[in-house]
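Next comes query34.csv, a file with CSV, C-alpha atoms.
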```
chain,number,residue,atom,x,y,z
L,1,MET,CA,0.0,0.0,0.0
L,2,ALA,CA,2.8,2.4,0.9
L,3,ILE,CA,4.5,1.8,-2.5
L,4,GLU,CA,1.2,2.4,-4.3
L,5,GLU,CA,0.7,5.7,-2.4
L,6,GLN,CA,4.2,6.9,-3.3
L,7,LYS,CA,3.5,6.1,-7.0
L,8,ASP,CA,0.3,8.1,-6.9
L,9,LYS,CA,2.1,11.2,-5.6
L,10,ARG,CA,3.1,13.5,-8.4
L,11,ILE,CA,6.0,15.9,-8.2
L,12,SER,CA,5.1,19.2,-9.9
L,13,VAL,CA,7.5,21.1,-12.2
L,14,PHE,CA,7.6,23.9,-9.7
L,15,ASP,CA,8.8,21.5,-7.0
L,16,ARG,CA,11.5,20.2,-9.3
L,17,ILE,CA,12.7,23.7,-10.0
L,18,ILE,CA,12.9,24.5,-6.3
L,19,GLY,CA,14.9,21.3,-5.7
L,20,PHE,CA,17.3,22.1,-8.5
L,21,MET,CA,17.9,25.8,-7.8
L,22,PRO,CA,20.4,25.4,-4.9
L,23,LYS,CA,22.4,23.0,-7.1
L,24,PHE,CA,22.3,25.6,-9.9
L,25,TYR,CA,23.6,28.2,-7.5
L,26,VAL,CA,26.6,26.0,-6.5
L,27,ILE,CA,27.4,25.1,-10.1
L,28,GLY,CA,27.4,28.8,-11.1
L,29,THR,CA,29.7,29.6,-8.1
L,30,ILE,CA,32.1,26.8,-9.1
L,31,LEU,CA,32.2,28.0,-12.7
L,32,ILE,CA,33.0,31.6,-11.6
L,33,PHE,CA,36.0,30.4,-9.6
L,34,VAL,CA,37.1,28.0,-12.4
L,35,TYR,CA,37.1,31.0,-14.8
L,36,THR,CA,39.3,32.8,-12.3
L,37,LEU,CA,41.8,29.9,-12.0
L,38,VAL,CA,41.9,29.5,-15.8
L,39,ALA,CA,42.5,33.2,-16.4
L,40,MET,CA,45.2,33.3,-13.7
L,41,ALA,CA,46.9,30.3,-15.3
L,42,ARG,CA,46.8,31.8,-18.8
L,43,LEU,CA,48.2,35.1,-17.4
L,44,GLY,CA,51.0,33.2,-15.6
L,45,ILE,CA,51.9,31.3,-18.8
L,46,GLN,CA,52.0,34.6,-20.8
L,47,THR,CA,54.2,36.2,-18.2
L,48,LEU,CA,56.7,33.3,-18.3
L,49,LYS,CA,56.8,33.4,-22.1
L,50,ASN,CA,56.9,37.2,-22.6
L,51,PRO,CA,57.8,38.9,-19.3
L,52,GLU,CA,58.5,42.2,-20.9
L,53,GLU,CA,55.0,42.6,-22.3
L,54,THR,CA,53.4,42.1,-18.9
L,55,ILE,CA,55.3,44.9,-17.2
L,56,VAL,CA,53.2,48.0,-16.6
L,57,PRO,CA,55.0,51.0,-17.9
L,58,ALA,CA,55.7,53.8,-15.4
L,59,PRO,CA,54.0,57.1,-15.9
L,60,PRO,CA,56.2,59.7,-17.8
L,61,VAL,CA,58.2,62.0,-15.7
L,62,SER,CA,56.9,65.6,-15.8
L,63,GLN,CA,57.6,68.8,-14.0
L,64,GLY,CA,55.6,70.1,-11.1
L,65,PHE,CA,52.8,68.2,-9.5
L,66,GLU,CA,51.1,66.9,-12.6
L,67,HIS,CA,51.1,63.3,-11.3
L,68,THR,CA,47.9,62.8,-9.4
L,69,LEU,CA,46.8,60.0,-7.1
L,70,ILE,CA,45.0,58.4,-10.0
L,71,SER,CA,47.9,58.4,-12.3
L,72,LEU,CA,50.4,57.1,-9.7
L,73,ILE,CA,48.4,54.5,-7.9
L,74,ILE,CA,44.9,53.8,-9.4
L,75,GLU,CA,45.9,53.7,-13.0
L,76,PRO,CA,48.6,50.9,-12.7
L,77,ILE,CA,46.1,48.8,-10.8
L,78,VAL,CA,43.3,49.3,-13.3
L,79,THR,CA,45.5,48.6,-16.3
L,80,SER,CA,47.0,45.4,-14.7
L,81,GLU,CA,45.6,42.2,-16.2
L,82,PHE,CA,45.9,40.5,-12.8
L,83,TYR,CA,43.7,43.0,-11.0
L,84,GLN,CA,41.3,43.0,-13.9
L,85,ILE,CA,40.8,39.2,-13.4
L,86,ILE,CA,40.2,39.8,-9.6
L,87,PHE,CA,37.7,42.6,-10.3
L,88,ASN,CA,35.8,40.6,-12.9
L,89,THR,CA,35.6,37.7,-10.5
L,90,LEU,CA,34.2,39.8,-7.7
L,91,PHE,CA,31.7,41.5,-10.0
L,92,LEU,CA,30.4,38.2,-11.4
L,93,TYR,CA,30.1,36.7,-7.9
L,94,LEU,CA,28.3,39.8,-6.6
L,95,VAL,CA,25.8,39.7,-9.5
L,96,TRP,CA,25.3,36.0,-9.0
L,97,ILE,CA,24.5,36.4,-5.3
L,98,LEU,CA,22.2,39.4,-5.9
L,99,LEU,CA,20.4,37.4,-8.6
L,100,PHE,CA,19.5,34.8,-5.9
L,101,LEU,CA,18.5,37.5,-3.4
L,102,LEU,CA,16.1,39.0,-5.9
L,103,ALA,CA,14.7,35.5,-6.6
L,104,PRO,CA,14.8,33.9,-3.2
L,105,ILE,CA,13.0,30.8,-4.6
L,106,ALA,CA,16.6,29.4,-4.8
L,107,PHE,CA,16.7,29.4,-1.0
L,108,TYR,CA,13.2,28.4,-0.4
L,109,ARG,CA,14.2,25.6,2.0
L,110,LEU,CA,16.4,28.0,4.1
L,111,LYS,CA,14.9,29.4,7.3
L,112,HIS,CA,17.4,32.3,7.5
L,113,PHE,CA,19.8,33.9,5.1
L,114,LYS,CA,22.1,37.0,5.6
L,115,PHE,CA,24.2,38.8,3.1
L,116,PHE,CA,25.9,42.0,4.5
L,117,ASN,CA,23.0,43.9,6.1
L,118,ILE,CA,20.3,42.2,4.1
L,119,GLU,CA,18.4,39.5,6.0
L,120,ILE,CA,15.8,37.1,4.5
L,121,GLU,CA,13.7,34.8,6.6
L,122,ILE,CA,11.7,32.8,4.1
L,123,GLU,CA,9.5,30.6,6.1
L,124,LYS,CA,8.5,33.4,8.5
L,125,GLN,CA,7.2,35.7,5.8
L,126,ASP,CA,3.8,34.0,5.3
L,127,ALA,CA,3.3,33.8,9.1
L,128,ALA,CA,4.1,37.5,9.6
L,129,VAL,CA,1.7,38.5,6.8
L,130,TYR,CA,-1.1,36.3,8.3
L,131,GLU,CA,-0.4,37.7,11.8
L,132,VAL,CA,-0.7,41.3,10.6
L,133,PHE,CA,-3.9,40.6,8.7
L,134,SER,CA,-5.4,38.7,11.6
L,135,MET,CA,-4.7,41.5,14.1
L,136,SER,CA,-6.0,44.2,11.7
L,137,SER,CA,-9.2,42.4,11.1
L,138,SER,CA,-9.7,41.8,14.8
L,139,LYS,CA,-9.3,45.5,15.5
L,140,MET,CA,-11.9,46.3,12.8
L,141,LYS,CA,-14.3,43.7,14.3
L,142,PHE,CA,-14.0,45.5,17.7
L,143,ALA,CA,-14.7,48.8,15.9
L,144,ALA,CA,-17.8,47.2,14.4
L,145,TYR,CA,-18.8,46.0,17.9
L,146,LEU,CA,-18.8,49.6,19.1
L,147,THR,CA,-21.7,50.4,16.6
L,148,SER,CA,-23.7,47.3,17.6
L,149,GLU,CA,-27.0,47.6,19.4
L,150,GLU,CA,-25.7,45.5,22.3
L,151,PHE,CA,-22.9,48.0,23.0
L,152,GLN,CA,-25.2,50.9,22.5
L,153,LEU,CA,-27.4,49.6,25.3
L,154,GLU,CA,-24.4,49.2,27.6
L,155,ILE,CA,-23.0,52.6,26.9
L,156,SER,CA,-26.4,54.3,27.3
L,157,GLU,CA,-26.5,53.0,30.9
L,158,GLU,CA,-23.1,54.5,31.6
L,159,ILE,CA,-24.1,57.8,30.1
L,160,ALA,CA,-27.4,57.8,32.1
L,161,ASN,CA,-25.6,57.1,35.3
L,162,SER,CA,-22.9,59.7,34.8
L,163,LYS,CA,-24.4,62.3,32.4
L,164,ASP,CA,-20.9,63.4,31.2
L,165,PHE,CA,-18.6,62.4,28.3
L,166,LYS,CA,-15.5,61.3,30.2
L,167,THR,CA,-17.2,58.4,32.1
L,168,PRO,CA,-18.5,56.4,29.0
L,169,LEU,CA,-15.1,57.1,27.3
L,170,ILE,CA,-13.3,55.5,30.2
L,171,TYR,CA,-15.7,52.6,30.1
L,172,THR,CA,-15.1,52.0,26.4
L,173,LEU,CA,-11.3,52.3,26.7
L,174,ASP,CA,-11.4,49.8,29.5
L,175,CYS,CA,-13.2,47.4,27.1
L,176,ALA,CA,-10.5,48.1,24.5
L,177,VAL,CA,-7.7,47.3,27.0
L,178,ASP,CA,-9.5,44.0,27.8
L,179,PHE,CA,-10.0,43.2,24.1
L,180,TYR,CA,-6.3,43.8,23.2
L,181,SER,CA,-5.2,41.7,26.1
L,182,ASP,CA,-7.6,38.8,25.7
L,183,GLN,CA,-7.9,38.6,21.9
L,184,LEU,CA,-4.6,40.0,20.6
L,185,GLY,CA,-2.2,39.4,23.4
L,186,LEU,CA,-1.2,43.1,23.5
L,187,SER,CA,-1.2,45.5,26.4
L,188,PHE,CA,-1.4,49.2,26.8
L,189,THR,CA,-2.5,51.8,29.4
L,190,TYR,CA,-4.2,55.1,28.9
L,191,ASP,CA,-4.8,58.5,30.4
L,192,ILE,CA,-7.4,61.2,29.6
L,193,TYR,CA,-6.3,64.7,30.2
L,194,THR,CA,-7.9,68.1,29.8
L,195,LEU,CA,-5.8,70.4,27.7
L,196,ASN,CA,-4.4,72.2,30.7
L,197,GLN,CA,-3.7,69.0,32.5
L,198,PHE,CA,-1.8,67.7,29.4
L,199,LYS,CA,0.4,70.8,29.2
L,200,LYS,CA,1.3,70.4,32.9
L,201,ALA,CA,1.7,66.6,32.8
L,202,LYS,CA,5.2,65.0,33.2
L,203,LEU,CA,5.5,63.7,29.6
L,204,PRO,CA,8.4,63.7,27.2
L,205,LYS,CA,8.8,66.9,25.2
L,206,SER,CA,8.5,64.9,21.9
L,207,ILE,CA,5.0,63.7,23.0
L,208,LYS,CA,3.8,67.2,23.9
L,209,ALA,CA,5.1,68.4,20.6
L,210,MET,CA,2.7,65.9,18.9
L,211,LEU,CA,-0.3,67.8,20.3
L,212,ASP,CA,0.0,70.6,17.7
L,213,LYS,CA,0.0,68.1,14.9
L,214,SER,CA,-3.1,66.3,16.3
L,215,ILE,CA,-4.9,69.7,16.7
L,216,GLN,CA,-4.1,70.7,13.1
L,217,THR,CA,-5.0,67.4,11.4
L,218,SER,CA,-7.8,66.3,13.8
L,219,GLU,CA,-6.1,62.9,13.6
L,220,PRO,CA,-4.4,60.7,16.3
L,221,CYS,CA,-0.5,60.8,16.2
L,222,ILE,CA,1.9,57.9,16.8
L,223,THR,CA,5.4,57.7,18.0
L,224,ASN,CA,7.1,54.3,18.4
L,225,LYS,CA,10.5,53.8,19.9
L,226,SER,CA,13.2,52.5,17.6
L,227,ASN,CA,15.2,49.3,18.2
L,228,SER,CA,18.1,51.3,19.6
L,229,ASP,CA,16.0,52.9,22.3
L,230,SER,CA,16.0,51.6,25.8
L,231,GLU,CA,13.3,49.1,26.8
L,232,TYR,CA,12.2,51.6,29.4
L,233,TYR,CA,11.0,53.9,26.7
L,234,LYS,CA,7.4,53.8,25.7
L,235,ASN,CA,5.3,53.9,22.5
L,236,PHE,CA,2.7,56.6,22.4
L,237,LEU,CA,-0.6,57.2,20.6
L,238,ILE,CA,-2.3,60.6,21.4
L,239,HIS,CA,-5.5,62.2,20.1
L,240,TYR,CA,-6.9,65.7,20.8
L,241,PHE,CA,-10.6,66.2,20.7
L,242,GLU,CA,-12.9,69.0,21.6
L,243,ASN,CA,-16.6,68.9,22.4
L,244,MET,CA,-19.2,70.8,24.4
L,245,ASP,CA,-17.7,69.5,27.7
L,246,GLY,CA,-14.2,70.9,27.0
L,247,LYS,CA,-10.9,70.1,25.3
L,248,PHE,CA,-9.4,66.7,26.0
L,249,VAL,CA,-6.3,64.7,25.1
L,250,THR,CA,-6.3,60.9,25.2
L,251,VAL,CA,-2.8,59.3,25.5
L,252,LEU,CA,-2.3,55.6,25.0
L,253,ASN,CA,1.1,54.2,25.9
L,254,SER,CA,2.9,50.8,26.1
L,255,TYR,CA,6.4,49.4,26.6
L,256,GLN,CA,5.9,46.5,24.1
L,257,THR,CA,2.9,47.2,21.9
L,258,GLU,CA,3.8,49.2,18.7
L,259,PHE,CA,0.8,51.3,17.6
L,260,ASP,CA,-0.2,51.4,13.9
L,261,THR,CA,-2.6,53.0,11.6
L,262,PHE,CA,-5.4,50.6,12.6
L,263,ASP,CA,-4.9,51.7,16.2
L,264,LYS,CA,-5.2,55.3,15.1
L,265,SER,CA,-8.4,54.6,13.2
L,266,LEU,CA,-9.8,52.6,16.1
L,267,LEU,CA,-9.2,55.3,18.7
L,268,LYS,CA,-10.8,58.0,16.5
L,269,ILE,CA,-13.8,55.8,15.7
L,270,LEU,CA,-14.1,55.0,19.4
L,271,GLN,CA,-14.2,58.6,20.5
L,272,ASN,CA,-16.5,59.7,17.7
L,273,VAL,CA,-19.0,56.9,18.4
L,274,ILE,CA,-19.0,57.6,22.2
L,275,TYR,CA,-19.6,61.3,21.5
L,276,ASP,CA,-22.5,60.5,19.1
L,277,TYR,CA,-24.1,58.3,21.7
L,278,TYR,CA,-23.6,61.0,24.3
L,279,LEU,CA,-25.2,63.7,22.0
L,280,GLN,CA,-28.1,61.3,21.2
L,281,TYR,CA,-28.8,60.6,24.9
L,282,ASN,CA,-28.6,64.3,25.8
L,283,TYR,CA,-31.0,65.2,22.9
L,284,ILE,CA,-33.5,62.5,23.9
L,285,TYR,CA,-33.2,63.4,27.6
L,286,GLU,CA,-33.8,67.1,27.0
L,287,ALA,CA,-36.7,66.3,24.6
L,288,SER,CA,-38.3,64.1,27.2
L,289,GLU,CA,-37.8,66.7,29.9
L,290,LYS,CA,-39.5,69.3,27.8
L,291,LEU,CA,-42.3,66.9,27.0
L,292,GLU,CA,-42.9,66.2,30.7
L,293,LYS,CA,-42.9,70.0,31.5
L,294,ASN,CA,-45.5,70.6,28.8
L,295,GLU,CA,-47.7,67.8,30.1
L,296,THR,CA,-47.5,69.2,33.6
L,297,ILE,CA,-48.3,72.7,32.5
L,298,SER,CA,-51.2,71.8,30.1
L,299,PRO,CA,-53.6,70.3,32.8
L,300,ASN,CA,-53.2,73.4,35.0
L,301,ASN,CA,-54.2,75.6,32.1
```
Represent the structure of the file as structure tokens.
Amino acid sequence: MAIEEQKDKRISVFDRIIGFMPKFYVIGTILIFVYTLVAMARLGIQTLKNPEETIVPAPPVSQGFEHTLISLIIEPIVTSEFYQIIFNTLFLYLVWILLFLLAPIAFYRLKHFKFFNIEIEIEKQDAAVYEVFSMSSSKMKFAAYLTSEEFQLEISEEIANSKDFKTPLIYTLDCAVDFYSDQLGLSFTYDIYTLNQFKKAKLPKSIKAMLDKSIQTSEPCITNKSNSDSEYYKNFLIHYFENMDGKFVTVLNSYQTEFDTFDKSLLKILQNVIYDYYLQYNYIYEASEKLEKNETISPNN
């Protein structure tokens, strides 16, 4: 049975090419060095037969400082057949390597390949793309949840109990913290400042400088630490917003989580949705109060 199953398996042309490409790379490398050895041998034979022809003539003597660095040092090297063979070999080998970097199918079976400062991790590319797509779609699902009827009922209770904007915003950001931790394995903390509190807060100057950009663009701003920064540095995402309750600045920060454009969109959607719910509740509350007043006044009349 095992033999029959093996016979039924067909090896595609693509698989055959992948299996042959590493051998093709080794063969090409060997041919380049064979070319070098043959060229060196031919040059050696010519030197032994005609030693006078292989001597590089010295540059003519001239007055003053007419001999430059190029004419004294570089020109003899470039005109030398020996160095030309060396340069041709290095050039061919560099082109050969770059060819396989541009077509990494040759190293499809390798997990990690490094050439100078260029690194390729073949098998991890698909996993990284899938991870980014999965996280992005999860964040958008949470944004969709914020507009659901279920969440609208929850947040309406928070607004009714508090009758301000900041309380339902804190409730929703707490939900976002739990979602990031449980669903994405990411963590962050947040603070909500009034504009005056933000200016007085003990935050890095670079973070405070982002406030002007957020005010001008009406968009959240991100600053993520670089790889060279200390692990004690933080990544920040800030957003300025203004409503009838005042001027506020929301600051998200994390030591490990790097914020991206989806986080920016999610924070903006979150605050806009909460404010819309807040305005709707106030409108309905004021309308119901006026209606009750009218009903109490009309019987007396």
Have a look at L:Tyr193, L:Phe188, L:Tyr240, L:Phe20 and name the one nearest to Gln256 (chain L); count only C-alpha atoms.
->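 Looking only at the distances to Gln256 (chain L), the closest residue turns out to be L:Phe188.
For the pair CA of Glu81 (chain L) and CA of Leu48 (chain L), the separation is 14.4 Å.
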Counting all atoms listed in the file, the option among L:Ile45, L:Ala201, L:Ile32, L:Met140 closest to Tyr93 (chain L) |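 Nearest candidate to Tyr93 (chain L) out of L:Ile45, L:Ala201, L:Ile32, L:Met140: L:Ile32.
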With all atoms listed in the file as the basis for distance, which of L:Leu98, L:Ala160, L:Ile170, L:Leu37 is at the shortest distance from Ile86 (chain L)?
->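 Smallest distance to Ile86 (chain L) is found for L:Leu37.
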Residues near Lys234 (chain L), cut-off 7 Å, all atoms listed in the file, skip fewer than 2 positions along chain, as number ranges by chain | L: 225, 232, 236, 253-255
Two-atom distance - CA of Asn243 (chain L), CA of Lys268 (chain L) (Å) = 13.7 Å
All residues 12 Å or closer to region 175-183 of chain L, only C-alpha atoms, same chain fewer than 3 positions away omitted, as a ChimeraX atom specification = /L:134-143,145-146,151,154-155,168-172,186-190,252-254,257,259,263,266-267,270-271
Based on the selection just made, write C-alpha atoms of those residues as a tab-separated table (two decimals), in the frame of the given file.
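The result, written out as part_0.tsv:
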```tsv
chain	number	residue	atom	x	y	z
L	134	SER	CA	-5.40	38.70	11.60
L	135	MET	CA	-4.70	41.50	14.10
L	136	SER	CA	-6.00	44.20	11.70
L	137	SER	CA	-9.20	42.40	11.10
L	138	SER	CA	-9.70	41.80	14.80
L	139	LYS	CA	-9.30	45.50	15.50
L	140	MET	CA	-11.90	46.30	12.80
L	141	LYS	CA	-14.30	43.70	14.30
L	142	PHE	CA	-14.00	45.50	17.70
L	143	ALA	CA	-14.70	48.80	15.90
L	145	TYR	CA	-18.80	46.00	17.90
L	146	LEU	CA	-18.80	49.60	19.10
L	151	PHE	CA	-22.90	48.00	23.00
L	154	GLU	CA	-24.40	49.20	27.60
L	155	ILE	CA	-23.00	52.60	26.90
L	168	PRO	CA	-18.50	56.40	29.00
L	169	LEU	CA	-15.10	57.10	27.30
L	170	ILE	CA	-13.30	55.50	30.20
L	171	TYR	CA	-15.70	52.60	30.10
L	172	THR	CA	-15.10	52.00	26.40
L	186	LEU	CA	-1.20	43.10	23.50
L	187	SER	CA	-1.20	45.50	26.40
L	188	PHE	CA	-1.40	49.20	26.80
L	189	THR	CA	-2.50	51.80	29.40
L	190	TYR	CA	-4.20	55.10	28.90
L	252	LEU	CA	-2.30	55.60	25.00
L	253	ASN	CA	1.10	54.20	25.90
L	254	SER	CA	2.90	50.80	26.10
L	257	THR	CA	2.90	47.20	21.90
L	259	PHE	CA	0.80	51.30	17.60
L	263	ASP	CA	-4.90	51.70	16.20
L	266	LEU	CA	-9.80	52.60	16.10
L	267	LEU	CA	-9.20	55.30	18.70
L	270	LEU	CA	-14.10	55.00	19.40
L	271	GLN	CA	-14.20	58.60	20.50
```
Once you count only C-alpha atoms, which residues end up no further than 10 Å from (-1.3, 60.1, 19.5) in the file's frame, shown as a list in words?
-> Ile207, Lys208, Met210, Leu211, Lys213, Ser214, Glu219, Pro220, Cys221, Ile222, Thr223, Asn235, Phe236, Leu237, Ile238, His239, Tyr240, Val249, Thr250, Val251, Leu252, Asn253, Phe259, Asp263, Lys264 and Leu267 of chain L
Kindly give the distance, in Å, that separates CA of Gly44 (chain L) and CA of Phe82 (chain L), rounded to a single decimal.
-> 9.3 Å
Nearest to Ile27 (chain L), restricted to all atoms listed in the file and choosing among L:Trp96, L:Glu242, L:Leu43, L:Asp191, comes out as L:Trp96
Using only C-alpha atoms, pick whichever of L:Leu184, L:Pro204, L:Phe165, L:Glu258 has the shortest atom-to-atom distance to Val273 (chain L).
->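 When distances to Val273 (chain L) are compared using only C-alpha atoms, the smallest one comes from L:Phe165.
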Extract, using only C-alpha atoms, all DNA, RNA and protein residues at most 10 Å from Lys166 (chain L), discarding same-chain residues fewer than 5 positions from it, and format them as a count of residues only.
-> 8
